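Chemist: The following file, coords.csv, comprises CSV, C-alpha atoms:
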```csv
chain,number,residue,atom,x,y,z
A,1,MET,CA,21.7,13.8,25.6
A,2,PRO,CA,24.7,12.5,23.6
A,3,ILE,CA,27.0,12.6,26.6
A,4,ALA,CA,27.1,9.4,28.8
A,5,ASN,CA,29.3,7.8,31.4
A,6,PHE,CA,31.4,10.8,32.6
A,7,GLU,CA,34.2,9.7,34.9
A,8,LEU,CA,37.3,11.3,36.5
A,9,LYS,CA,40.6,9.4,36.3
A,10,SER,CA,43.1,11.6,38.1
A,11,ILE,CA,43.3,14.8,40.1
A,12,ASP,CA,46.5,16.7,40.6
A,13,ALA,CA,46.6,20.0,42.5
A,14,GLU,CA,49.3,22.2,44.1
A,15,ARG,CA,49.5,25.5,45.9
A,16,PHE,CA,52.7,27.4,45.2
A,17,THR,CA,52.4,30.1,47.9
A,18,GLU,CA,52.6,29.8,51.6
A,19,LYS,CA,49.5,29.6,53.8
A,20,GLY,CA,48.2,33.1,54.6
A,21,ALA,CA,50.0,34.8,51.7
A,22,THR,CA,47.6,37.3,50.2
A,23,ARG,CA,47.5,38.6,46.7
A,24,LYS,CA,45.2,41.1,45.0
A,25,ASN,CA,43.7,40.6,41.6
A,26,ILE,CA,44.1,36.8,41.4
A,27,ARG,CA,43.7,35.6,37.9
A,28,VAL,CA,42.2,32.1,37.4
A,29,ASP,CA,42.5,30.7,33.9
A,30,HIS,CA,40.3,27.7,32.9
A,31,ASN,CA,41.2,25.3,30.1
A,32,SER,CA,39.5,22.2,28.9
A,33,SER,CA,41.2,20.0,26.2
A,34,VAL,CA,40.5,16.7,24.5
A,35,THR,CA,43.5,14.4,24.9
A,36,ARG,CA,42.3,11.4,22.9
A,37,MET,CA,39.3,10.0,21.1
A,38,THR,CA,38.6,6.3,20.5
A,39,GLN,CA,35.6,5.0,18.5
A,40,VAL,CA,34.0,2.0,20.2
A,41,ASP,CA,31.3,1.3,17.5
A,42,LYS,CA,29.4,3.4,15.0
A,43,ASN,CA,27.3,5.1,17.7
A,44,ASN,CA,29.8,5.4,20.7
A,45,CYS,CA,33.1,7.2,21.0
A,46,ILE,CA,35.2,7.5,24.2
A,47,ILE,CA,36.7,11.0,24.6
A,48,GLY,CA,39.6,11.6,27.0
A,49,PHE,CA,39.9,15.1,28.5
A,50,ARG,CA,42.0,17.3,30.7
A,51,PHE,CA,40.6,20.3,32.7
A,52,THR,CA,43.0,22.8,34.2
A,53,ALA,CA,42.4,25.7,36.6
A,54,ASN,CA,45.6,27.8,36.7
A,55,TYR,CA,46.0,30.4,39.5
A,56,LYS,CA,48.7,32.7,38.1
A,57,GLY,CA,51.7,32.2,40.4
A,58,MET,CA,49.5,30.7,43.2
A,59,GLY,CA,48.7,27.2,42.2
A,60,ARG,CA,47.0,24.9,39.8
A,61,ILE,CA,44.3,22.2,39.7
A,62,GLU,CA,44.4,19.5,36.9
A,63,ILE,CA,41.6,17.0,36.4
A,64,GLU,CA,41.7,14.2,33.8
A,65,GLY,CA,39.0,11.8,32.8
A,66,GLN,CA,36.9,10.4,30.0
A,67,LEU,CA,33.3,10.4,28.8
A,68,THR,CA,31.3,8.5,26.2
A,69,TYR,CA,29.7,10.5,23.4
A,70,ARG,CA,26.7,8.8,21.8
A,71,GLY,CA,25.2,9.5,18.4
A,72,ASP,CA,25.5,8.7,14.7
A,73,ILE,CA,29.3,9.5,14.4
A,74,PRO,CA,30.9,6.9,12.1
A,75,ASP,CA,33.9,9.1,11.3
A,76,LEU,CA,34.3,11.3,14.3
A,77,ALA,CA,37.4,9.5,15.8
A,78,ALA,CA,39.0,9.2,12.3
A,79,HIS,CA,38.5,12.9,11.7
A,80,TRP,CA,39.9,13.7,15.2
A,81,ASN,CA,43.0,11.5,14.7
A,82,LYS,CA,43.6,13.1,11.3
A,83,GLU,CA,43.0,16.8,12.0
A,84,ASN,CA,42.8,17.1,15.8
A,85,GLN,CA,39.4,18.8,15.4
A,86,MET,CA,35.8,17.9,15.9
A,87,PRO,CA,32.7,19.6,14.7
A,88,SER,CA,31.8,22.8,16.6
A,89,LYS,CA,28.4,21.4,17.9
A,90,ILE,CA,30.1,18.3,19.3
A,91,ALA,CA,33.0,20.3,20.7
A,92,ASN,CA,30.6,22.7,22.5
A,93,GLU,CA,28.7,19.8,24.1
A,94,VAL,CA,31.9,18.0,25.2
A,95,HIS,CA,33.7,21.1,26.6
A,96,SER,CA,30.5,22.3,28.3
A,97,THR,CA,30.1,18.9,29.9
A,98,VAL,CA,33.7,18.8,31.0
A,99,ILE,CA,33.6,22.3,32.5
A,100,SER,CA,30.3,21.9,34.2
A,101,ASN,CA,31.4,18.7,35.9
A,102,CYS,CA,34.9,19.6,36.8
A,103,ILE,CA,34.3,23.1,38.2
A,104,PRO,CA,32.4,21.8,41.2
A,105,GLU,CA,35.1,19.3,41.9
A,106,ALA,CA,37.8,22.0,41.5
A,107,VAL,CA,35.9,24.2,44.0
A,108,PHE,CA,36.2,21.6,46.7
A,109,ILE,CA,39.9,21.0,45.9
A,110,ALA,CA,40.5,24.8,46.0
A,111,ARG,CA,38.9,24.9,49.4
A,112,ASP,CA,41.2,22.2,50.7
A,113,LEU,CA,44.3,23.9,49.3
A,114,GLN,CA,43.1,27.3,50.6
A,115,LEU,CA,42.9,28.8,47.0
A,116,PRO,CA,40.0,31.0,45.8
A,117,PRO,CA,37.2,29.0,44.2
A,118,PRO,CA,37.6,28.9,40.4
A,119,ILE,CA,34.2,30.4,39.6
A,120,PRO,CA,32.1,31.8,37.9
A,121,LEU,CA,31.6,29.1,35.2
A,122,PRO,CA,33.2,30.1,31.9
A,123,LYS,CA,31.0,29.9,28.8
A,124,VAL,CA,32.1,27.8,25.9
A,125,ASN,CA,31.4,29.1,22.5
A,126,ILE,CA,33.3,27.5,19.6
A,127,PRO,CA,32.2,29.2,16.4
A,128,ASP,CA,31.1,27.1,13.5
A,129,LYS,CA,33.6,27.8,10.6
A,130,LYS,CA,31.1,26.8,7.9
A,131,ASN,CA,28.4,29.3,9.0
A,132,GLN,CA,30.8,32.0,10.1
A,133,LYS,CA,30.7,35.0,7.8
A,134,LYS,CA,33.2,37.8,7.8
A,135,LYS,CA,31.7,41.1,8.7
A,136,LYS,CA,32.9,43.9,6.6
A,137,ARG,CA,33.0,47.5,7.8
A,138,LYS,CA,31.7,50.1,5.5
A,139,GLY,CA,33.2,53.5,5.6
A,140,GLY,CA,31.0,56.5,5.9
A,141,MET,CA,30.7,60.0,7.2
A,142,GLU,CA,30.7,60.4,10.9
A,143,VAL,CA,28.0,62.8,12.3
A,144,ALA,CA,28.2,64.3,15.7
```
Please go through the file and, once you have read it, give me the structure as structure tokens.
Modeler:
Amino acid sequence: MPIANFELKSIDAERFTEKGATRKNIRVDHNSSVTRMTQVDKNNCIIGFRFTANYKGMGRIEIEGQLTYRGDIPDLAAHWNKENQMPSKIANEVHSTVISNCIPEAVFIARDLQLPPPIPLPKVNIPDKKNQKKKKRKGGMEVA
């Protein structure tokens, strides 16, 4: 597996509502983003990340950390610093790892803050732009 040395650096969480306040249809938005990328050598790159679970109007949980990505990636950090993008395959692996490691931590934090757990796990699917083909709709007669 190309992901190694996953570590959390900071956790910030806050509940905005009073204890016991109930709300229906609580929306929890998850977001994972890469904050920095530093190439250590031709095979290792350190990637900083931020995971956020936002409870619309109720609270938020923010987790920051870093992981080491291993592989033959001589220009990954340079490409990231130039365009703020990484290849889709690597992005899927990084964001999936961040989410699958941060959600369990966020569940315990949510319990302590008396917020609903931020589950189920969201699925990461970043489309590959090179292989993505536009689908064209063809007109035709509709038969009932």
Chemist: Please indicate the distance in Å from atom CA of A:Ile46 to atom CA of A:Ile90, rounded to one decimal place.
Modeler: 12.9 Å
Chemist: Which residues, written as an mmCIF file with C-alpha atoms, keeping the file's coordinate frame, have at least one atom at most 7 Å from stretch 19-34 of chain A, with all atoms listed in the file counted and residues fewer than 6 positions away on the same chain left out?
Modeler:
```cif
data_model
loop_
_atom_site.group_PDB
_atom_site.id
_atom_site.type_symbol
_atom_site.label_atom_id
_atom_site.label_comp_id
_atom_site.auth_asym_id
_atom_site.auth_seq_id
_atom_site.Cartn_x
_atom_site.Cartn_y
_atom_site.Cartn_z
ATOM 1 C CA ILE A 47 36.700 11.000 24.600
ATOM 2 C CA GLY A 48 39.600 11.600 27.000
ATOM 3 C CA PHE A 49 39.900 15.100 28.500
ATOM 4 C CA ARG A 50 42.000 17.300 30.700
ATOM 5 C CA PHE A 51 40.600 20.300 32.700
ATOM 6 C CA THR A 52 43.000 22.800 34.200
ATOM 7 C CA ALA A 53 42.400 25.700 36.600
ATOM 8 C CA ASN A 54 45.600 27.800 36.700
ATOM 9 C CA TYR A 55 46.000 30.400 39.500
ATOM 10 C CA LYS A 56 48.700 32.700 38.100
ATOM 11 C CA HIS A 95 33.700 21.100 26.600
ATOM 12 C CA ILE A 99 33.600 22.300 32.500
ATOM 13 C CA PRO A 118 37.600 28.900 40.400
#
```
Chemist: Counting only C-alpha atoms, which residue out of A:Val40, A:Ile126, A:Ala91, A:Leu115 sits closest to A:Gly57?
Modeler: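 So, comparing all the options, the nearest one is A:Leu115.
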Chemist: Separation of atom CA of A:Trp80 and atom CA of A:Glu105, in Å?
Modeler: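 The value is 27.7 Å.
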Chemist: Please list as a VMD selection string every residue within 9 Å of A:Lys9, counting only C-alpha atoms and excluding residues in the same chain fewer than 5 positions away.
Modeler: chain A and resid 63 to 66
Chemist: Tell me, in Å to one decimal, how far atom CA of A:Lys42 is from atom CA of A:Ser100.
Modeler: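 Distance reported for this atom pair: 26.7 Å.
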Chemist: Distance cut-off 9 Å, centre (29.8, 13.1, 34.7) in file coordinates, counting only C-alpha atoms: which residues qualify? Return them as a CSV table (one decimal) with C-alpha atoms, in the frame of the given file.
Modeler:
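Output file out_29.csv is given in full below:
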```csv
chain,number,residue,atom,x,y,z
A,3,ILE,CA,27.0,12.6,26.6
A,4,ALA,CA,27.1,9.4,28.8
A,5,ASN,CA,29.3,7.8,31.4
A,6,PHE,CA,31.4,10.8,32.6
A,7,GLU,CA,34.2,9.7,34.9
A,8,LEU,CA,37.3,11.3,36.5
A,66,GLN,CA,36.9,10.4,30.0
A,67,LEU,CA,33.3,10.4,28.8
A,97,THR,CA,30.1,18.9,29.9
A,98,VAL,CA,33.7,18.8,31.0
A,100,SER,CA,30.3,21.9,34.2
A,101,ASN,CA,31.4,18.7,35.9
A,102,CYS,CA,34.9,19.6,36.8
```
